[in-house]
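Trainee: Structure supplied as start.pdb; contents: PDB, C-alpha atoms and all ligand atoms.
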```pdb
ATOM      1  CA  MET A   1      59.222  -8.674 -23.123  1.00  0.00           C
ATOM      2  CA  LYS A   2      60.125  -5.267 -24.580  1.00  0.00           C
ATOM      3  CA  THR A   3      62.089  -5.136 -27.846  1.00  0.00           C
ATOM      4  CA  VAL A   4      64.755  -2.587 -28.730  1.00  0.00           C
ATOM      5  CA  TYR A   5      65.557  -2.052 -32.395  1.00  0.00           C
ATOM      6  CA  GLY A   6      69.044  -0.651 -32.212  1.00  0.00           C
ATOM      7  CA  MET A   7      72.564  -0.497 -33.503  1.00  0.00           C
ATOM      8  CA  LYS A   8      75.344  -1.324 -31.033  1.00  0.00           C
ATOM      9  CA  ALA A   9      77.686   1.310 -32.492  1.00  0.00           C
ATOM     10  CA  SER A  10      75.139   4.068 -31.865  1.00  0.00           C
ATOM     11  CA  GLY A  11      75.386   6.058 -28.655  1.00  0.00           C
ATOM     12  CA  ASN A  12      71.681   6.856 -28.856  1.00  0.00           C
ATOM     13  CA  CYS A  13      70.952   3.109 -28.795  1.00  0.00           C
ATOM     14  CA  TYR A  14      73.546   2.398 -26.117  1.00  0.00           C
ATOM     15  CA  LYS A  15      71.622   4.748 -23.786  1.00  0.00           C
ATOM     16  CA  LEU A  16      68.753   2.243 -23.725  1.00  0.00           C
ATOM     17  CA  GLN A  17      71.017  -0.758 -23.275  1.00  0.00           C
ATOM     18  CA  LEU A  18      72.701   0.901 -20.294  1.00  0.00           C
ATOM     19  CA  LEU A  19      69.429   1.895 -18.619  1.00  0.00           C
ATOM     20  CA  LEU A  20      67.746  -1.486 -19.188  1.00  0.00           C
ATOM     21  CA  GLU A  21      70.775  -3.281 -17.734  1.00  0.00           C
ATOM     22  CA  GLN A  22      70.792  -0.969 -14.737  1.00  0.00           C
ATOM     23  CA  LEU A  23      67.061  -1.473 -14.221  1.00  0.00           C
ATOM     24  CA  GLY A  24      67.619  -5.226 -14.442  1.00  0.00           C
ATOM     25  CA  GLU A  25      64.764  -5.384 -16.940  1.00  0.00           C
ATOM     26  CA  PRO A  26      64.837  -8.204 -19.524  1.00  0.00           C
ATOM     27  CA  TYR A  27      64.614  -7.090 -23.146  1.00  0.00           C
ATOM     28  CA  LYS A  28      65.154  -8.364 -26.646  1.00  0.00           C
ATOM     29  CA  TRP A  29      67.669  -6.528 -28.845  1.00  0.00           C
ATOM     30  CA  VAL A  30      67.172  -6.544 -32.609  1.00  0.00           C
ATOM     31  CA  GLU A  31      70.308  -5.274 -34.348  1.00  0.00           C
ATOM     32  CA  ILE A  32      69.515  -2.955 -37.257  1.00  0.00           C
ATOM     33  CA  ASP A  33      72.342  -2.151 -39.672  1.00  0.00           C
ATOM     34  CA  SER A  34      71.734   1.347 -41.004  1.00  0.00           C
ATOM     35  CA  VAL A  35      74.830   1.141 -43.255  1.00  0.00           C
ATOM     36  CA  ALA A  36      73.169  -1.808 -45.000  1.00  0.00           C
ATOM     37  CA  GLY A  37      69.989   0.277 -45.388  1.00  0.00           C
ATOM     38  CA  GLN A  38      67.973  -1.599 -42.769  1.00  0.00           C
ATOM     39  CA  THR A  39      66.516   1.622 -41.297  1.00  0.00           C
ATOM     40  CA  ARG A  40      65.008   2.509 -44.682  1.00  0.00           C
ATOM     41  CA  THR A  41      63.258  -0.719 -45.670  1.00  0.00           C
ATOM     42  CA  PRO A  42      59.447  -0.576 -46.029  1.00  0.00           C
ATOM     43  CA  GLU A  43      59.173  -2.992 -43.081  1.00  0.00           C
ATOM     44  CA  TYR A  44      61.255  -0.793 -40.796  1.00  0.00           C
ATOM     45  CA  LEU A  45      59.633   2.464 -41.986  1.00  0.00           C
ATOM     46  CA  ALA A  46      56.270   0.919 -41.107  1.00  0.00           C
ATOM     47  CA  LYS A  47      57.567   0.643 -37.533  1.00  0.00           C
ATOM     48  CA  ASN A  48      59.276   4.054 -37.433  1.00  0.00           C
ATOM     49  CA  ALA A  49      58.384   6.492 -40.199  1.00  0.00           C
ATOM     50  CA  ASN A  50      61.480   8.542 -39.301  1.00  0.00           C
ATOM     51  CA  GLY A  51      63.739   5.629 -40.285  1.00  0.00           C
ATOM     52  CA  LYS A  52      66.009   5.825 -37.259  1.00  0.00           C
ATOM     53  CA  VAL A  53      67.139   3.735 -34.336  1.00  0.00           C
ATOM     54  CA  PRO A  54      66.606   3.318 -31.464  1.00  0.00           C
ATOM     55  CA  LEU A  55      62.990   2.236 -31.402  1.00  0.00           C
ATOM     56  CA  LEU A  56      61.271   0.645 -28.407  1.00  0.00           C
ATOM     57  CA  GLU A  57      58.461  -1.848 -29.001  1.00  0.00           C
ATOM     58  CA  LEU A  58      56.264  -2.726 -26.043  1.00  0.00           C
ATOM     59  CA  GLU A  59      54.732  -6.103 -25.314  1.00  0.00           C
ATOM     60  CA  ASP A  60      51.378  -4.876 -26.683  1.00  0.00           C
ATOM     61  CA  GLY A  61      52.925  -3.663 -29.956  1.00  0.00           C
ATOM     62  CA  ARG A  62      53.054   0.072 -29.212  1.00  0.00           C
ATOM     63  CA  ARG A  63      56.249   1.688 -30.454  1.00  0.00           C
ATOM     64  CA  LEU A  64      58.259   4.665 -29.248  1.00  0.00           C
ATOM     65  CA  PRO A  65      61.188   6.279 -31.118  1.00  0.00           C
ATOM     66  CA  GLU A  66      63.627   8.967 -29.824  1.00  0.00           C
ATOM     67  CA  SER A  67      66.235   7.793 -27.363  1.00  0.00           C
ATOM     68  CA  ASN A  68      65.595  10.367 -24.656  1.00  0.00           C
ATOM     69  CA  ALA A  69      61.799   9.896 -24.762  1.00  0.00           C
ATOM     70  CA  ILE A  70      62.446   6.163 -24.395  1.00  0.00           C
ATOM     71  CA  LEU A  71      64.748   6.795 -21.417  1.00  0.00           C
ATOM     72  CA  CYS A  72      61.927   8.758 -19.730  1.00  0.00           C
ATOM     73  CA  TYR A  73      59.416   6.002 -20.415  1.00  0.00           C
ATOM     74  CA  LEU A  74      61.661   3.215 -19.144  1.00  0.00           C
ATOM     75  CA  ALA A  75      62.900   5.121 -16.092  1.00  0.00           C
ATOM     76  CA  GLU A  76      59.435   6.117 -14.863  1.00  0.00           C
ATOM     77  CA  GLY A  77      59.003   5.055 -11.241  1.00  0.00           C
ATOM     78  CA  SER A  78      62.698   4.261 -10.766  1.00  0.00           C
ATOM     79  CA  ALA A  79      65.518   6.159  -9.050  1.00  0.00           C
ATOM     80  CA  TYR A  80      66.783   7.230 -12.479  1.00  0.00           C
ATOM     81  CA  LEU A  81      63.934   9.741 -12.992  1.00  0.00           C
ATOM     82  CA  SER A  82      62.669  11.755 -10.070  1.00  0.00           C
ATOM     83  CA  ASN A  83      58.972  12.328  -9.390  1.00  0.00           C
ATOM     84  CA  ASP A  84      59.796  15.708  -7.910  1.00  0.00           C
ATOM     85  CA  ARG A  85      58.632  18.433 -10.292  1.00  0.00           C
ATOM     86  CA  TRP A  86      61.828  20.495 -10.085  1.00  0.00           C
ATOM     87  CA  LEU A  87      64.249  17.554 -10.302  1.00  0.00           C
ATOM     88  CA  ARG A  88      62.288  16.101 -13.196  1.00  0.00           C
ATOM     89  CA  ALA A  89      62.450  19.417 -15.053  1.00  0.00           C
ATOM     90  CA  GLN A  90      66.213  19.508 -14.441  1.00  0.00           C
ATOM     91  CA  THR A  91      66.477  16.037 -15.930  1.00  0.00           C
ATOM     92  CA  LEU A  92      64.531  17.128 -18.999  1.00  0.00           C
ATOM     93  CA  GLN A  93      66.696  20.223 -19.300  1.00  0.00           C
ATOM     94  CA  TRP A  94      69.795  18.049 -19.737  1.00  0.00           C
ATOM     95  CA  LEU A  95      68.041  15.620 -22.066  1.00  0.00           C
ATOM     96  CA  PHE A  96      67.069  18.509 -24.343  1.00  0.00           C
ATOM     97  CA  PHE A  97      70.556  19.996 -24.047  1.00  0.00           C
ATOM     98  CA  GLU A  98      72.019  16.665 -25.101  1.00  0.00           C
ATOM     99  CA  GLN A  99      69.863  16.470 -28.210  1.00  0.00           C
ATOM    100  CA  TYR A 100      70.212  20.097 -29.322  1.00  0.00           C
ATOM    101  CA  SER A 101      73.641  21.285 -28.149  1.00  0.00           C
ATOM    102  CA  HIS A 102      75.729  18.140 -27.659  1.00  0.00           C
ATOM    103  CA  GLU A 103      74.788  15.141 -29.813  1.00  0.00           C
ATOM    104  CA  PRO A 104      74.552  17.030 -33.131  1.00  0.00           C
ATOM    105  CA  TYR A 105      78.237  17.991 -32.746  1.00  0.00           C
ATOM    106  CA  ILE A 106      79.967  15.354 -30.628  1.00  0.00           C
ATOM    107  CA  ALA A 107      78.159  12.338 -32.115  1.00  0.00           C
ATOM    108  CA  VAL A 108      78.428  13.611 -35.669  1.00  0.00           C
ATOM    109  CA  ALA A 109      82.157  14.365 -35.315  1.00  0.00           C
ATOM    110  CA  ARG A 110      82.643  10.790 -34.045  1.00  0.00           C
ATOM    111  CA  TYR A 111      80.689   9.444 -36.999  1.00  0.00           C
ATOM    112  CA  ILE A 112      82.650  11.419 -39.583  1.00  0.00           C
ATOM    113  CA  ALA A 113      86.058  10.714 -38.019  1.00  0.00           C
ATOM    114  CA  LYS A 114      85.458   7.003 -37.464  1.00  0.00           C
ATOM    115  CA  TRP A 115      83.308   5.870 -40.373  1.00  0.00           C
ATOM    116  CA  LEU A 116      83.950   8.207 -43.318  1.00  0.00           C
ATOM    117  CA  SER A 117      87.071   8.071 -45.485  1.00  0.00           C
ATOM    118  CA  PRO A 118      89.737  10.762 -44.938  1.00  0.00           C
ATOM    119  CA  ASP A 119      88.897  12.329 -48.322  1.00  0.00           C
ATOM    120  CA  HIS A 120      85.117  12.350 -47.760  1.00  0.00           C
ATOM    121  CA  PRO A 121      83.647  15.852 -48.321  1.00  0.00           C
ATOM    122  CA  ARG A 122      81.955  15.738 -44.890  1.00  0.00           C
ATOM    123  CA  GLN A 123      85.423  15.893 -43.250  1.00  0.00           C
ATOM    124  CA  ALA A 124      85.157  19.645 -43.919  1.00  0.00           C
ATOM    125  CA  GLU A 125      82.416  19.828 -41.257  1.00  0.00           C
ATOM    126  CA  LEU A 126      84.789  18.786 -38.489  1.00  0.00           C
ATOM    127  CA  PRO A 127      86.178  22.221 -37.473  1.00  0.00           C
ATOM    128  CA  ARG A 128      82.677  23.611 -36.853  1.00  0.00           C
ATOM    129  CA  LEU A 129      81.570  20.439 -35.095  1.00  0.00           C
ATOM    130  CA  LEU A 130      84.603  20.652 -32.827  1.00  0.00           C
ATOM    131  CA  GLU A 131      83.928  24.310 -32.049  1.00  0.00           C
ATOM    132  CA  ARG A 132      80.270  23.680 -31.132  1.00  0.00           C
ATOM    133  CA  GLY A 133      81.073  20.416 -29.350  1.00  0.00           C
ATOM    134  CA  TYR A 134      83.652  22.155 -27.162  1.00  0.00           C
ATOM    135  CA  GLN A 135      80.970  24.709 -26.245  1.00  0.00           C
ATOM    136  CA  ALA A 136      78.795  21.833 -24.990  1.00  0.00           C
ATOM    137  CA  LEU A 137      81.708  20.313 -23.087  1.00  0.00           C
ATOM    138  CA  ASP A 138      82.399  23.715 -21.479  1.00  0.00           C
ATOM    139  CA  VAL A 139      78.792  23.844 -20.228  1.00  0.00           C
ATOM    140  CA  MET A 140      79.075  20.329 -18.812  1.00  0.00           C
ATOM    141  CA  GLU A 141      82.435  21.019 -17.162  1.00  0.00           C
ATOM    142  CA  LYS A 142      81.130  24.167 -15.477  1.00  0.00           C
ATOM    143  CA  HIS A 143      78.111  22.287 -14.121  1.00  0.00           C
ATOM    144  CA  LEU A 144      80.241  19.381 -12.922  1.00  0.00           C
ATOM    145  CA  THR A 145      82.497  21.685 -10.915  1.00  0.00           C
ATOM    146  CA  GLU A 146      79.410  22.268  -8.746  1.00  0.00           C
ATOM    147  CA  GLN A 147      77.901  18.802  -8.457  1.00  0.00           C
ATOM    148  CA  ASP A 148      78.756  15.147  -9.020  1.00  0.00           C
ATOM    149  CA  PHE A 149      75.909  14.344 -11.408  1.00  0.00           C
ATOM    150  CA  PHE A 150      73.787  16.458 -13.725  1.00  0.00           C
ATOM    151  CA  VAL A 151      70.726  16.453 -11.498  1.00  0.00           C
ATOM    152  CA  GLU A 152      71.312  17.388  -7.881  1.00  0.00           C
ATOM    153  CA  SER A 153      69.525  14.276  -6.549  1.00  0.00           C
ATOM    154  CA  GLY A 154      72.169  11.955  -8.059  1.00  0.00           C
ATOM    155  CA  TYR A 155      72.794   9.632 -11.000  1.00  0.00           C
ATOM    156  CA  SER A 156      69.887   9.764 -13.468  1.00  0.00           C
ATOM    157  CA  ILE A 157      68.947   9.331 -17.099  1.00  0.00           C
ATOM    158  CA  ALA A 158      70.476  12.785 -17.689  1.00  0.00           C
ATOM    159  CA  ASP A 159      73.879  11.214 -16.957  1.00  0.00           C
ATOM    160  CA  ILE A 160      73.103   8.226 -19.164  1.00  0.00           C
ATOM    161  CA  ALA A 161      72.113  10.469 -22.076  1.00  0.00           C
ATOM    162  CA  LEU A 162      75.224  12.627 -21.771  1.00  0.00           C
ATOM    163  CA  TYR A 163      77.587   9.735 -21.118  1.00  0.00           C
ATOM    164  CA  ALA A 164      76.553   7.996 -24.357  1.00  0.00           C
ATOM    165  CA  TYR A 165      78.606  10.200 -26.657  1.00  0.00           C
ATOM    166  CA  THR A 166      80.889  12.035 -24.210  1.00  0.00           C
ATOM    167  CA  HIS A 167      82.795   8.850 -23.357  1.00  0.00           C
ATOM    168  CA  GLU A 168      83.757   8.469 -27.029  1.00  0.00           C
ATOM    169  CA  ALA A 169      84.256  12.170 -27.780  1.00  0.00           C
ATOM    170  CA  ALA A 170      87.986  11.594 -28.332  1.00  0.00           C
ATOM    171  CA  ILE A 171      87.159   9.518 -31.418  1.00  0.00           C
ATOM    172  CA  GLY A 172      85.692  12.659 -32.962  1.00  0.00           C
ATOM    173  CA  GLY A 173      88.875  14.592 -32.154  1.00  0.00           C
ATOM    174  CA  PHE A 174      87.904  16.174 -28.825  1.00  0.00           C
ATOM    175  CA  ASP A 175      90.682  16.543 -26.264  1.00  0.00           C
ATOM    176  CA  LEU A 176      89.089  15.813 -22.880  1.00  0.00           C
ATOM    177  CA  SER A 177      92.305  16.323 -20.906  1.00  0.00           C
ATOM    178  CA  ARG A 178      91.329  19.899 -20.072  1.00  0.00           C
ATOM    179  CA  TYR A 179      87.963  18.729 -18.690  1.00  0.00           C
ATOM    180  CA  ARG A 180      89.007  17.282 -15.354  1.00  0.00           C
ATOM    181  CA  HIS A 181      85.554  17.354 -13.744  1.00  0.00           C
ATOM    182  CA  THR A 182      83.979  15.768 -16.798  1.00  0.00           C
ATOM    183  CA  GLN A 183      86.612  13.007 -16.764  1.00  0.00           C
ATOM    184  CA  ASN A 184      85.895  12.349 -13.087  1.00  0.00           C
ATOM    185  CA  TRP A 185      82.166  12.256 -13.867  1.00  0.00           C
ATOM    186  CA  LEU A 186      82.772   9.665 -16.619  1.00  0.00           C
ATOM    187  CA  THR A 187      84.546   7.524 -14.024  1.00  0.00           C
ATOM    188  CA  ARG A 188      81.665   7.988 -11.563  1.00  0.00           C
ATOM    189  CA  VAL A 189      79.154   6.880 -14.204  1.00  0.00           C
ATOM    190  CA  GLU A 190      81.267   3.786 -14.946  1.00  0.00           C
ATOM    191  CA  ALA A 191      81.272   2.954 -11.226  1.00  0.00           C
ATOM    192  CA  GLN A 192      77.452   2.828 -11.017  1.00  0.00           C
ATOM    193  CA  PRO A 193      75.834  -0.518 -10.170  1.00  0.00           C
ATOM    194  CA  ARG A 194      75.257  -2.783 -13.200  1.00  0.00           C
ATOM    195  CA  PHE A 195      77.088  -0.406 -15.539  1.00  0.00           C
ATOM    196  CA  VAL A 196      77.818  -1.993 -18.917  1.00  0.00           C
ATOM    197  CA  ALA A 197      80.349  -0.629 -21.376  1.00  0.00           C
ATOM    198  CA  GLN A 198      79.386   0.020 -24.973  1.00  0.00           C
ATOM    199  CA  THR A 199      80.736  -2.707 -27.245  1.00  0.00           C
ATOM    200  CA  TYR A 200      80.521  -2.849 -31.022  1.00  0.00           C
TER     201      TYR A 200
HETATM  202  N1  LIG A 301      67.067  12.007 -32.007  1.00  0.00           N
HETATM  203  C1  LIG A 301      67.173  10.605 -32.304  1.00  0.00           C
HETATM  204  C2  LIG A 301      68.367  10.397 -33.217  1.00  0.00           C
HETATM  205  C3  LIG A 301      68.383   8.984 -33.762  1.00  0.00           C
HETATM  206  C4  LIG A 301      69.473   8.800 -34.797  1.00  0.00           C
HETATM  207  O1  LIG A 301      70.018   9.778 -35.344  1.00  0.00           O
HETATM  208  N2  LIG A 301      69.786   7.534 -35.044  1.00  0.00           N
HETATM  209  C5  LIG A 301      70.804   7.209 -35.989  1.00  0.00           C
HETATM  210  C6  LIG A 301      71.829   6.316 -35.320  1.00  0.00           C
HETATM  211  S1  LIG A 301      72.605   7.184 -33.978  1.00  0.00           S
HETATM  212  C7  LIG A 301      70.193   6.445 -37.141  1.00  0.00           C
HETATM  213  O2  LIG A 301      69.219   5.741 -36.974  1.00  0.00           O
HETATM  214  N3  LIG A 301      70.767   6.567 -38.331  1.00  0.00           N
HETATM  215  C8  LIG A 301      70.367   5.775 -39.438  1.00  0.00           C
HETATM  216  C9  LIG A 301      69.538   6.483 -40.439  1.00  0.00           C
HETATM  217  O3  LIG A 301      69.304   7.710 -40.308  1.00  0.00           O
HETATM  218  O4  LIG A 301      69.134   5.801 -41.388  1.00  0.00           O
HETATM  219  C10 LIG A 301      67.322   9.794 -31.019  1.00  0.00           C
HETATM  220  O5  LIG A 301      67.847  10.336 -30.039  1.00  0.00           O
HETATM  221  O6  LIG A 301      66.892   8.634 -30.977  1.00  0.00           O
END
```
Would you mind writing the file's structure down as structure tokens?
Mentor:
Amino acid sequence: MKTVYGMKASGNCYKLQLLLEQLGEPYKWVEIDSVAGQTRTPEYLAKNANGKVPLLELEDGRRLPESNAILCYLAEGSAYLSNDRWLRAQTLQWLFFEQYSHEPYIAVARYIAKWLSPDHPRQAELPRLLERGYQALDVMEKHLTEQDFFVESGYSIADIALYAYTHEAAIGGFDLSRYRHTQNWLTRVEAQPRFVAQTY
């Protein structure tokens, strides 16, 4: 059985939980508490030199970090990742967008707002994170005025990757009320077969 080293509060880790549940694939979840330093122990660094979760461990011991690479690996051969060259490239486009233009702002704003004290110096980052995060939300909203899911063939790992932090963007201070198409897309994702909500 595959093992996921993850943290339930992390959207990057939740991506894998959601996909594995939707695939109906059994897996073992090992909860890693980064606040308690468990991503930086010698034992964990021997598994992932980058000291981050999520990490996928295969039955034969091979290990793969990076949430969106893991999504691609797990989704191979399923309806969640097309074999068609163009549709696959579209999927990758949104996975890269998520990691470069979305997660660094929307996930980090959530982290600062929810887990750091109100007088923590990192609170000063919030205005810039909000500005850049809204730019990402604008891109998503524009795309979702034209189609129901990020890739034209339908629900895919691109939606899973973008759902992971968008559904909790309000925690970071984002007002989603002006993003009607994005709100409707969140509802469509939640209506997918075997959807599981993030709990932590
Ligand atoms: N690009 C990575 C980001 C992973 C990441 O930033 N993980 C965070 C949790 S969301 C983490 O492990 N933080 C603990 C640490 O850095 O020690 C991915 O998508 O998997």
Trainee: Go through A:Lys8, A:Lys2, A:Arg122, A:Arg40 one by one, measure the shortest atom-to-atom distance of each to ligand LIG 301 (chain A) using all atoms listed in the file, and give the residue with the smallest value.
Mentor: A:Arg40
Trainee: List all protein, DNA and RNA residues that have an atom no more than 7 Å from any atom of ligand LIG 301 (chain A), counting only C-alpha atoms and all ligand atoms, and report them as a PyMOL selection string.
Mentor: chain A and resi 10-13+34+37+39-40+51-54+65-68+99
Trainee: Spell out the residues picked by the PyMOL selection byres (((chain A and resi 95) around 8) and not hetatm) here, as a PyMOL selection string.
Mentor: chain A and resi 68+91-94+96-99+158+161-162
Trainee: Selection in question (the file shown): the PyMOL selection byres (((chain A and resi 146-148) around 10) and not hetatm). Which residues does it include, as a list in words?
Mentor: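 Evaluating the PyMOL selection byres (((chain A and resi 146-148) around 10) and not hetatm) on this file yields Glu141, Lys142, His143, Leu144, Thr145, Phe149, Phe150, Val151, Glu152, Ser153, Gly154, Tyr155, His181, Thr182, Asn184, Trp185, Arg188 and Val189 of chain A.
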Trainee: If we draw a sphere of 10 Å around (54.0, 6.1, -37.5), which residues have at least one atom in it when counting all atoms listed in the file? Please report them as a list in words.
Mentor: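 The distance filter leaves exactly Leu45, Ala46, Lys47, Asn48, Ala49, Asn50, Arg63, Leu64 and Pro65 of chain A.
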